[in-house]
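Content type compact mmCIF, C-alpha atoms, from the file final33.txt:
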```txt
# COMPACT_ATOMS: atom_id res chain seq x y z
CA MET C 1 -42.01 8.28 19.69
CA ASN C 2 -43.29 10.69 17.05
CA VAL C 3 -40.57 13.14 16.02
CA ALA C 4 -40.63 16.23 13.79
CA VAL C 5 -37.59 17.94 12.28
CA ILE C 6 -37.56 21.71 11.75
CA GLY C 7 -34.80 22.86 9.41
CA LEU C 8 -33.52 20.75 6.51
CA GLY C 9 -30.15 22.40 5.97
CA HIS C 10 -26.87 20.66 6.76
CA ALA C 11 -27.87 19.49 10.25
CA GLY C 12 -31.38 18.38 9.35
CA ALA C 13 -30.54 16.64 6.09
CA THR C 14 -27.19 15.01 6.93
CA LEU C 15 -27.50 14.43 10.70
CA HIS C 16 -31.06 14.51 12.03
CA LEU C 17 -33.03 12.64 9.38
CA PRO C 18 -30.38 9.94 8.76
CA ALA C 19 -29.97 9.40 12.52
CA LEU C 20 -33.73 9.11 13.05
CA ALA C 21 -34.07 6.75 10.07
CA ALA C 22 -31.60 4.39 11.74
CA MET C 23 -33.51 4.31 15.04
CA ARG C 24 -36.19 1.80 15.96
CA ASP C 25 -39.48 2.86 17.59
CA VAL C 26 -39.25 6.35 16.04
CA ASP C 27 -41.68 7.78 13.50
CA VAL C 28 -40.82 11.03 11.70
CA VAL C 29 -44.19 12.74 11.41
CA GLY C 30 -43.00 15.95 9.81
CA ALA C 31 -40.01 17.70 8.25
CA VAL C 32 -40.17 21.49 7.91
CA ASP C 33 -38.24 23.92 5.72
CA LEU C 34 -39.00 27.13 3.86
CA ASP C 35 -37.11 25.87 0.80
CA ALA C 36 -39.17 23.70 -1.57
CA THR C 37 -36.10 21.94 -2.99
CA ARG C 38 -35.00 20.83 0.46
CA ARG C 39 -38.52 19.64 1.25
CA ASP C 40 -38.64 17.61 -1.96
CA GLN C 41 -35.24 16.04 -1.23
CA ALA C 42 -36.32 15.03 2.28
CA LYS C 43 -39.61 13.62 1.01
CA THR C 44 -37.89 11.59 -1.69
CA THR C 45 -34.92 10.37 0.32
CA PHE C 46 -36.53 9.68 3.70
CA ARG C 47 -40.21 9.29 2.75
CA VAL C 48 -41.44 11.69 5.42
CA PRO C 49 -44.29 14.23 5.38
CA VAL C 50 -42.97 17.71 4.63
CA PHE C 51 -44.28 21.15 5.52
CA ALA C 52 -43.43 24.72 4.56
CA SER C 53 -43.84 26.09 8.10
CA ALA C 54 -43.78 24.96 11.70
CA GLU C 55 -47.35 26.21 12.10
CA GLU C 56 -48.54 23.94 9.29
CA MET C 57 -46.69 20.98 10.76
CA PHE C 58 -48.06 21.48 14.28
CA ALA C 59 -51.60 21.84 12.91
CA THR C 60 -51.31 18.48 11.15
CA ALA C 61 -48.84 16.32 13.08
CA ARG C 62 -48.65 15.56 16.78
CA PRO C 63 -44.93 15.23 17.55
CA ASP C 64 -43.72 14.05 20.94
CA VAL C 65 -40.30 15.54 20.19
CA VAL C 66 -39.17 18.33 17.88
CA CYS C 67 -35.60 18.46 16.51
CA ILE C 68 -34.59 22.05 15.77
CA GLY C 69 -31.87 22.50 13.17
CA THR C 70 -32.41 26.09 12.06
CA PRO C 71 -29.96 29.03 12.60
CA PRO C 72 -29.51 29.81 16.32
CA GLY C 73 -31.36 33.13 16.18
CA SER C 74 -34.60 31.21 15.63
CA HIS C 75 -34.11 28.54 18.31
CA ALA C 76 -35.80 30.30 21.23
CA ALA C 77 -39.07 30.99 19.38
CA LEU C 78 -39.23 27.46 17.96
CA CYS C 79 -38.59 25.97 21.40
CA LEU C 80 -41.51 27.95 22.85
CA GLN C 81 -43.73 26.92 19.93
CA SER C 82 -42.81 23.26 20.49
CA PHE C 83 -43.61 23.40 24.21
CA SER C 84 -46.99 24.95 23.42
CA ALA C 85 -47.67 21.97 21.15
CA GLY C 86 -46.78 19.56 23.96
CA ALA C 87 -43.42 18.46 22.56
CA HIS C 88 -39.99 18.01 24.09
CA VAL C 89 -37.10 19.66 22.18
CA LEU C 90 -33.83 18.36 20.79
CA CYS C 91 -32.01 21.53 19.74
CA GLU C 92 -28.88 22.09 17.70
CA LYS C 93 -26.14 24.25 19.14
CA PRO C 94 -25.47 27.08 19.79
CA PHE C 95 -28.54 26.76 22.02
CA VAL C 96 -29.88 30.33 21.79
CA SER C 97 -28.48 33.86 21.39
CA SER C 98 -28.23 35.03 25.01
CA ILE C 99 -28.28 33.86 28.60
CA ALA C 100 -31.65 35.61 29.02
CA GLN C 101 -33.11 33.59 26.14
CA ALA C 102 -31.77 30.38 27.67
CA ASP C 103 -33.45 31.24 30.99
CA MET C 104 -36.71 32.02 29.21
CA VAL C 105 -36.69 28.74 27.27
CA LEU C 106 -35.83 26.64 30.32
CA ALA C 107 -38.54 28.34 32.39
CA ALA C 108 -41.08 27.72 29.63
CA ALA C 109 -40.07 24.06 29.44
CA ARG C 110 -40.59 23.63 33.18
CA ALA C 111 -43.98 25.37 33.03
CA ALA C 112 -45.09 23.06 30.20
CA GLY C 113 -43.70 19.92 31.83
CA ARG C 114 -41.37 19.43 28.86
CA ARG C 115 -37.59 19.13 28.59
CA VAL C 116 -34.78 20.41 26.36
CA ALA C 117 -31.71 18.50 25.22
CA LEU C 118 -28.95 19.63 22.85
CA ASN C 119 -27.21 17.75 20.07
CA HIS C 120 -23.65 18.11 21.37
CA GLU C 121 -22.60 15.18 19.23
CA PHE C 122 -18.83 15.66 19.42
CA ARG C 123 -18.62 14.66 23.08
CA GLU C 124 -20.29 11.34 22.10
CA MET C 125 -18.15 10.66 19.00
CA PRO C 126 -16.09 7.47 19.55
CA VAL C 127 -12.65 9.13 19.57
CA PHE C 128 -13.68 11.93 21.94
CA LYS C 129 -15.76 9.66 24.14
CA ALA C 130 -12.75 7.35 24.46
CA VAL C 131 -10.69 10.24 25.85
CA ARG C 132 -13.49 11.24 28.24
CA ASP C 133 -13.89 7.66 29.45
CA ALA C 134 -10.14 7.21 29.93
CA VAL C 135 -9.86 10.43 31.94
CA SER C 136 -12.97 9.82 34.05
CA SER C 137 -11.87 6.29 34.94
CA GLY C 138 -9.11 7.78 37.11
CA VAL C 139 -6.76 4.90 36.25
CA THR C 140 -3.94 7.30 35.28
CA GLY C 141 -4.69 9.84 37.99
CA ARG C 142 -6.26 13.28 37.98
CA LEU C 143 -6.85 15.39 34.90
CA ASN C 144 -4.57 18.42 35.25
CA PHE C 145 -4.45 20.18 31.88
CA ALA C 146 -6.16 19.92 28.51
CA GLN C 147 -5.79 21.58 25.13
CA VAL C 148 -8.14 21.65 22.17
CA TRP C 149 -7.40 23.35 18.90
CA GLN C 150 -8.77 23.98 15.44
CA GLN C 151 -6.73 25.20 12.48
CA ILE C 152 -8.50 25.64 9.15
CA ASP C 153 -8.46 28.07 6.24
CA LEU C 154 -11.99 29.44 6.60
CA PRO C 155 -12.18 32.97 8.02
CA PRO C 156 -15.61 34.12 9.25
CA TRP C 157 -16.13 36.51 6.33
CA ALA C 158 -15.64 33.64 3.81
CA GLU C 159 -18.41 31.48 5.33
CA PRO C 160 -21.45 31.06 3.08
CA GLY C 161 -25.04 31.58 4.21
CA TRP C 162 -26.15 32.70 7.64
CA ARG C 163 -22.85 31.77 9.29
CA GLY C 164 -21.04 34.35 7.19
CA ASP C 165 -23.42 37.04 8.44
CA MET C 166 -22.36 36.51 12.05
CA ARG C 167 -19.97 38.98 13.64
CA GLN C 168 -19.05 36.52 16.40
CA ARG C 169 -18.62 33.43 14.27
CA THR C 170 -15.59 31.47 15.39
CA LEU C 171 -15.89 31.07 19.15
CA TYR C 172 -19.70 31.22 19.32
CA GLU C 173 -20.79 29.03 16.40
CA ALA C 174 -17.82 26.67 15.97
CA GLY C 175 -16.08 27.03 19.34
CA VAL C 176 -19.23 25.81 21.09
CA HIS C 177 -18.04 22.25 20.30
CA LEU C 178 -14.68 22.87 21.94
CA VAL C 179 -16.06 24.63 25.01
CA ASP C 180 -18.64 21.91 25.56
CA PHE C 181 -16.06 19.12 25.22
CA LEU C 182 -13.73 20.66 27.79
CA MET C 183 -16.59 21.12 30.24
CA ALA C 184 -17.57 17.47 29.72
CA LEU C 185 -13.93 16.43 30.20
CA PHE C 186 -13.52 18.34 33.48
CA GLY C 187 -17.09 17.67 34.60
CA GLU C 188 -17.81 21.29 35.55
CA ARG C 189 -18.13 24.86 34.34
CA PRO C 190 -14.87 26.84 34.52
CA ARG C 191 -14.54 29.34 37.36
CA ALA C 192 -12.78 31.98 35.27
CA VAL C 193 -11.73 32.65 31.68
CA GLN C 194 -9.40 34.91 29.77
CA ALA C 195 -9.76 35.32 26.01
CA TRP C 196 -8.33 37.13 23.01
CA THR C 197 -9.97 37.47 19.60
CA SER C 198 -8.45 39.04 16.51
CA THR C 199 -8.18 39.01 12.72
CA CYS C 200 -4.41 39.48 13.16
CA GLY C 201 -4.59 42.55 10.95
CA VAL C 202 -5.94 40.64 7.95
CA ARG C 203 -9.31 42.41 7.89
CA GLU C 204 -10.61 45.35 9.86
CA GLY C 205 -14.06 45.39 11.44
CA GLU C 206 -14.17 41.66 12.19
CA THR C 207 -13.70 40.06 15.60
CA ASP C 208 -12.53 36.50 15.80
CA ALA C 209 -10.80 34.86 12.86
CA VAL C 210 -8.38 33.80 15.60
CA ALA C 211 -9.64 33.06 19.11
CA LEU C 212 -7.57 32.10 22.15
CA LEU C 213 -9.25 31.09 25.41
CA THR C 214 -7.88 29.96 28.76
CA MET C 215 -10.31 28.27 31.15
CA GLU C 216 -9.63 27.88 34.89
CA PHE C 217 -11.27 24.92 36.62
CA SER C 218 -11.32 23.84 40.25
CA ARG C 219 -8.12 22.90 42.10
CA GLY C 220 -6.01 25.06 39.79
CA ARG C 221 -6.59 22.93 36.69
CA LEU C 222 -6.35 24.67 33.32
CA ALA C 223 -7.47 24.23 29.73
CA THR C 224 -6.81 26.17 26.54
CA ILE C 225 -8.67 26.59 23.27
CA THR C 226 -6.92 27.75 20.09
CA GLN C 227 -8.98 28.48 16.99
CA ASN C 228 -7.11 29.69 13.93
CA ARG C 229 -9.31 30.29 10.89
CA LEU C 230 -6.38 31.74 8.92
CA ALA C 231 -4.28 28.56 8.77
CA LYS C 232 -2.75 27.75 5.39
CA GLY C 233 -1.32 24.38 6.38
CA GLU C 234 -2.90 20.99 7.01
CA THR C 235 -6.48 21.24 8.28
CA GLN C 236 -6.96 20.25 11.92
CA TYR C 237 -10.66 20.50 12.61
CA PHE C 238 -10.78 19.28 16.21
CA GLU C 239 -7.67 18.11 18.07
CA VAL C 240 -7.49 17.20 21.76
CA ARG C 241 -4.73 16.57 24.27
CA ALA C 242 -5.60 15.77 27.91
CA ASP C 243 -2.82 15.32 30.48
CA THR C 244 -3.35 13.33 33.67
CA ASP C 245 -0.84 12.45 36.39
CA ARG C 246 0.57 9.46 34.50
CA ALA C 247 -0.52 9.67 30.86
CA SER C 248 -1.57 11.91 28.01
CA PHE C 249 -4.64 11.21 25.92
CA ARG C 250 -5.00 12.43 22.33
CA ALA C 251 -7.83 12.56 19.82
CA SER C 252 -7.76 13.75 16.23
CA PHE C 253 -10.97 14.27 14.26
CA GLY C 254 -10.71 13.74 10.52
CA GLY C 255 -9.07 11.16 8.30
CA ARG C 256 -5.54 10.12 9.20
CA ALA C 257 -3.25 7.67 7.41
CA ARG C 258 0.39 8.10 8.38
CA ILE C 259 3.53 5.98 8.61
CA SER C 260 6.44 7.46 10.58
CA ALA C 261 9.89 6.20 11.46
CA GLY C 262 12.69 7.84 13.37
CA LEU C 263 14.64 8.42 16.55
CA PHE C 264 13.35 10.82 19.20
CA ARG C 265 16.33 12.09 21.16
CA SER C 266 17.17 9.44 23.77
CA THR C 267 14.28 7.08 23.03
CA ARG C 268 14.37 3.90 21.02
CA PRO C 269 14.05 3.95 17.21
CA HIS C 270 10.43 3.55 16.19
CA MET C 271 8.15 2.79 13.30
CA ARG C 272 4.52 3.80 13.73
CA VAL C 273 1.44 3.30 11.58
CA GLU C 274 -1.61 5.48 12.21
CA TYR C 275 -4.84 4.89 10.36
CA GLY C 276 -8.35 6.11 11.00
CA ILE C 277 -10.83 6.85 8.24
CA ALA C 278 -12.46 9.66 10.23
CA GLY C 279 -10.29 10.12 13.31
CA ILE C 280 -8.41 8.23 16.01
CA ALA C 281 -7.76 8.43 19.76
CA TRP C 282 -4.72 7.13 21.58
CA GLN C 283 -2.85 7.16 24.90
CA GLU C 284 0.75 8.38 25.23
CA VAL C 285 3.27 7.60 27.97
CA GLY C 286 6.56 9.05 26.83
CA ALA C 287 7.16 7.81 23.28
CA THR C 288 4.88 4.79 23.78
CA ARG C 289 1.43 4.91 22.22
CA SER C 290 -1.61 2.65 22.50
CA MET C 291 -4.77 2.95 20.40
CA LEU C 292 -8.02 3.82 22.19
CA ALA C 293 -10.62 4.20 19.41
CA ARG C 294 -11.30 4.92 15.75
CA ASN C 295 -14.23 6.83 14.34
CA PRO C 296 -16.68 5.13 11.97
CA LYS C 297 -17.17 6.31 8.40
CA ASP C 298 -19.85 8.90 9.24
CA PRO C 299 -18.93 9.92 12.80
CA CYS C 300 -21.14 13.01 13.13
CA MET C 301 -24.28 11.15 12.12
CA VAL C 302 -23.41 8.13 14.29
CA ALA C 303 -22.76 10.38 17.28
CA THR C 304 -25.98 12.31 16.60
CA ARG C 305 -27.91 9.04 16.57
CA TYR C 306 -26.38 8.10 19.92
CA VAL C 307 -27.34 11.51 21.38
CA PHE C 308 -30.87 11.20 19.98
CA GLU C 309 -31.35 7.67 21.31
CA ARG C 310 -30.27 8.63 24.81
CA SER C 311 -32.16 11.93 24.75
CA LEU C 312 -35.43 10.33 23.65
CA ALA C 313 -35.03 7.68 26.34
CA ALA C 314 -34.45 10.47 28.89
CA PHE C 315 -37.61 12.28 27.76
CA ARG C 316 -39.58 9.07 28.09
CA ASP C 317 -38.10 7.90 31.41
CA GLY C 318 -37.44 11.20 33.17
CA THR C 319 -33.67 10.60 33.29
CA GLU C 320 -30.82 12.93 32.34
CA PRO C 321 -30.02 13.42 28.62
CA PRO C 322 -26.38 13.51 27.47
CA ALA C 323 -26.51 17.32 27.12
CA SER C 324 -29.36 19.13 28.85
CA GLY C 325 -30.65 22.62 28.18
CA GLU C 326 -29.15 23.67 31.51
CA LEU C 327 -25.75 22.52 30.30
CA GLY C 328 -26.31 24.46 27.09
CA ARG C 329 -26.93 27.56 29.18
CA ASP C 330 -23.60 27.00 30.97
CA VAL C 331 -21.78 26.73 27.63
CA MET C 332 -23.44 29.97 26.49
CA THR C 333 -22.35 31.63 29.73
CA VAL C 334 -18.70 30.65 29.20
CA ILE C 335 -18.73 31.93 25.60
CA ALA C 336 -20.36 35.22 26.62
CA ALA C 337 -17.74 35.59 29.37
CA ALA C 338 -14.96 34.87 26.86
CA TYR C 339 -16.11 37.60 24.46
CA HIS C 340 -16.45 39.98 27.40
CA SER C 341 -12.90 39.15 28.53
CA ALA C 342 -11.57 39.78 25.03
CA ALA C 343 -13.39 43.11 24.85
CA ILE C 344 -12.01 44.45 28.14
CA GLY C 345 -8.61 42.73 27.93
CA GLN C 346 -8.87 41.10 31.36
CA ARG C 347 -9.41 37.77 33.05
CA VAL C 348 -12.98 37.46 34.33
CA THR C 349 -14.47 35.33 37.10
CA ILE C 350 -17.72 33.61 36.13
CA ASP C 351 -19.90 34.44 39.12
CA ASP C 352 -23.48 35.61 39.63
CA ALA C 353 -22.52 39.25 39.20
CA LEU C 354 -20.88 38.66 35.80
CA ILE C 355 -23.76 36.47 34.61
CA ALA C 356 -26.23 39.22 35.54
CA GLU C 357 -24.10 41.76 33.64
CA LEU C 358 -23.95 39.59 30.53
CA ARG C 359 -27.47 38.20 30.67
CA ASP C 360 -28.90 40.27 27.83
CA VAL C 361 -25.80 40.34 25.61
CA GLN C 362 -26.71 38.99 22.16
CA LEU C 363 -24.18 36.56 20.70
CA GLY C 364 -23.64 35.96 17.03
```
What does the file become when written as structure tokens?
Amino acid sequence: MNVAVIGLGHAGATLHLPALAAMRDVDVVGAVDLDATRRDQAKTTFRVPVFASAEEMFATARPDVVCIGTPPGSHAALCLQSFSAGAHVLCEKPFVSSIAQADMVLAAARAAGRRVALNHEFREMPVFKAVRDAVSSGVTGRLNFAQVWQQIDLPPWAEPGWRGDMRQRTLYEAGVHLVDFLMALFGERPRAVQAWTSTCGVREGETDAVALLTMEFSRGRLATITQNRLAKGETQYFEVRADTDRASFRASFGGRARISAGLFRSTRPHMRVEYGIAGIAWQEVGATRSMLARNPKDPCMVATRYVFERSLAAFRDGTEPPASGELGRDVMTVIAAAYHSAAIGQRVTIDDALIAELRDVQLG
């Protein structure tokens, strides 16, 4: 398939182009960015045609698929432009800036006979996929409760570039990974949420240096998200714990090399070695652990390649991509509901009435 990449920032240069270069039966027919330095780097490194604008690229190339890696405020317009050119879309997340924009893009895709998929690569990363597979197998019983958390020293106002300009940075732009993973883990959209966002008094006029979110799923099952962008301790970029009837499953994203020895209360003395160059996943039953998976050296790019391969196959065959545009709309809905809950200080049920109320709310 002929593929074009729009946006040569972090996502385009370190995820999209390397992933596409590693795929067979894919030709990159155009790479677009406003910045001449980025264009030159892409041309030199990946030997692809480069363009200063999407209009110039569409006038010259004929892509079957367009990968969009620009800031989220531009996604909706670029999706529409791609459909008009006859291309399917692989879009970075967050998908768009509002539920209304998501509806508009999805309606335009249907009218053009095209489809939208999102690069939710974390759900496909080996350590997180191992947890999803273990839970969905049902071998240890039903999933009852899950936690995901992120603790880093990077408040929203310290972010460089367009991310630093966002008022709703933490839960919308970074929390989208965590919300999507929990929805993939439970296999559904939550029925209700309650959220709190704060700077904990560190800086006035900001919203969510710290974000706490509780999600209620069917049959009384619960999940929590904790994002702390004021943490001064060890960085924990994406941690997961999922509890089923008979086991707990853990995943830790990021390098880990640890040797521990000791006695846990009434359990046997232990010595444990943990090593994963970019993250590990394991199963726990009491104090007993068994390894599930380790991440490769470049897990985000590898997971992006896997998403791209499956998404392109879905476009070609008419099957379901790993993360559809409709799923992206659901993730947007949950995040909009979470900010609404934090604003009013109440738990909210995600029903048609709430979605209609929040439809035009602009995120970011």
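The space separating CA of Ala342 (chain C) from CA of Glu234 (chain C) comes to 27.4 Å.
Residues in contact range of Ala61 (chain C), defined as at most 10 Å between only C-alpha atoms, with sequence neighbours fewer than 5 positions away removed, read Asn2, Val3, Ala4, Val28, Val29, Gly30, Pro49, Glu56 and Ala85 of chain C.
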Exercise. Grab the CA of Trp196 (chain C) to CA of Val334 (chain C) distance for me, in Å with one decimal place.
Key: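 Computing it gives 13.7 Å between the two atoms.
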Practice problem: Can you work out which one of C:Met1, C:Ala117, C:Leu212, C:Leu143 has the shortest atom-to-atom distance to Met23 (chain C), counting all atoms listed in the file? | Solution: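 Checking each of C:Met1, C:Ala117, C:Leu212, C:Leu143 against Met23 (chain C), counting all atoms listed in the file, the winner is C:Met1.
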Quiz item: When you draw a straight line from CA of Thr214 (chain C) to CA of Gln147 (chain C), how long is it in Å?
Solution: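 According to the coordinates, CA of Thr214 (chain C) and CA of Gln147 (chain C) are separated by 9.4 Å.
Distances to Gln168 (chain C) were evaluated for C:Arg115, C:His340, C:Arg38, C:Arg316 using only C-alpha atoms, and the minimum falls at C:His340.
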Quiz item: Counting all atoms listed in the file, which of C:Leu8, C:Glu124, C:Phe51, C:Ala22 gets nearest to Ala303 (chain C)?
Solution: C:Glu124
Practice problem: List the neighbours of Leu358 (chain C) out to 9 Å using all atoms listed in the file; skip same-chain residues closer than 2 positions along the sequence, and give me the result as number ranges by chain. | Solution: C: 98-100, 333, 336-337, 340, 353-356, 360-362
Exercise. Could you give me, as number ranges by chain, the residues within 12 Å of Val307 (chain C), counting only C-alpha atoms and dropping anything in the same chain fewer than 3 positions from it?
Key: C: 15-16, 19-20, 23, 67, 90-92, 117-125, 300-304, 310-314, 320-324
Quiz item: Using all atoms listed in the file, which residues sit within 12 Å of Ala338 (chain C) once same-chain residues fewer than 2 positions away are excluded, as a VMD selection string?
Solution: chain C and resid 168 170 to 172 175 to 176 179 190 to 197 208 211 to 216 224 to 225 331 to 336 340 to 350 354 to 355 358 363
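Residue nearest Lys129 (chain C) within the list C:Asn144, C:Phe181, C:Ala76, C:Gly254: C:Phe181 [criterion: smallest interatomic distance, only C-alpha atoms].
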Quiz item: Which one of C:Gly201, C:Ala184, C:Ala13, C:Gly73 sits closest to Lys43 (chain C) if you count all atoms listed in the file?
Solution: C:Ala13
Self-check item: Closest of C:Val210, C:Ala54, C:Ala108, C:Leu80 to Trp149 (chain C) - atom-to-atom distances counting only C-alpha atoms
Solution: C:Val210
Quiz item: Near His75 (chain C), counting all atoms listed in the file, which residues have an atom at most 8 Å away, once you skip same-chain residues fewer than 3 positions from it, shown as an NGL selection string?
Solution: :C and (68 or 70-72 or 78-79 or 91 or 95-96)
What are the centre and the three edge lengths of an axis-aligned box that wraps all atoms of region 21-36 of chain C in the file, given that 6 Å is added to every side, written as lines of an AutoDock Vina configuration file and rounded to one decimal in Å?
```
center_x = -37.9
center_y = 14.5
center_z = 8.0
size_x = 24.6
size_y = 37.3
size_z = 31.2
```
Practice problem: Please tell me which residues are no farther than 7 Å from (-44.4, 20.2, 20.7) in the file, counting only C-alpha atoms, and write them as a list in words. | Solution: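 Those residues lying close to the given coordinates are Pro63, Asp64, Val65, Val66, Gln81, Ser82, Phe83, Ser84, Ala85, Gly86, Ala87 and His88 of chain C.
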Write the residues of the preceding selection, restricted to C-alpha atoms, as a compact mmCIF listing (two decimals), in the coordinates of the input.
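The resulting file, again06.txt, is shown below:
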```
# COMPACT_ATOMS: atom_id res chain seq x y z
CA PRO C 63 -44.93 15.23 17.55
CA ASP C 64 -43.72 14.05 20.94
CA VAL C 65 -40.30 15.54 20.19
CA VAL C 66 -39.17 18.33 17.88
CA GLN C 81 -43.73 26.92 19.93
CA SER C 82 -42.81 23.26 20.49
CA PHE C 83 -43.61 23.40 24.21
CA SER C 84 -46.99 24.95 23.42
CA ALA C 85 -47.67 21.97 21.15
CA GLY C 86 -46.78 19.56 23.96
CA ALA C 87 -43.42 18.46 22.56
CA HIS C 88 -39.99 18.01 24.09
```
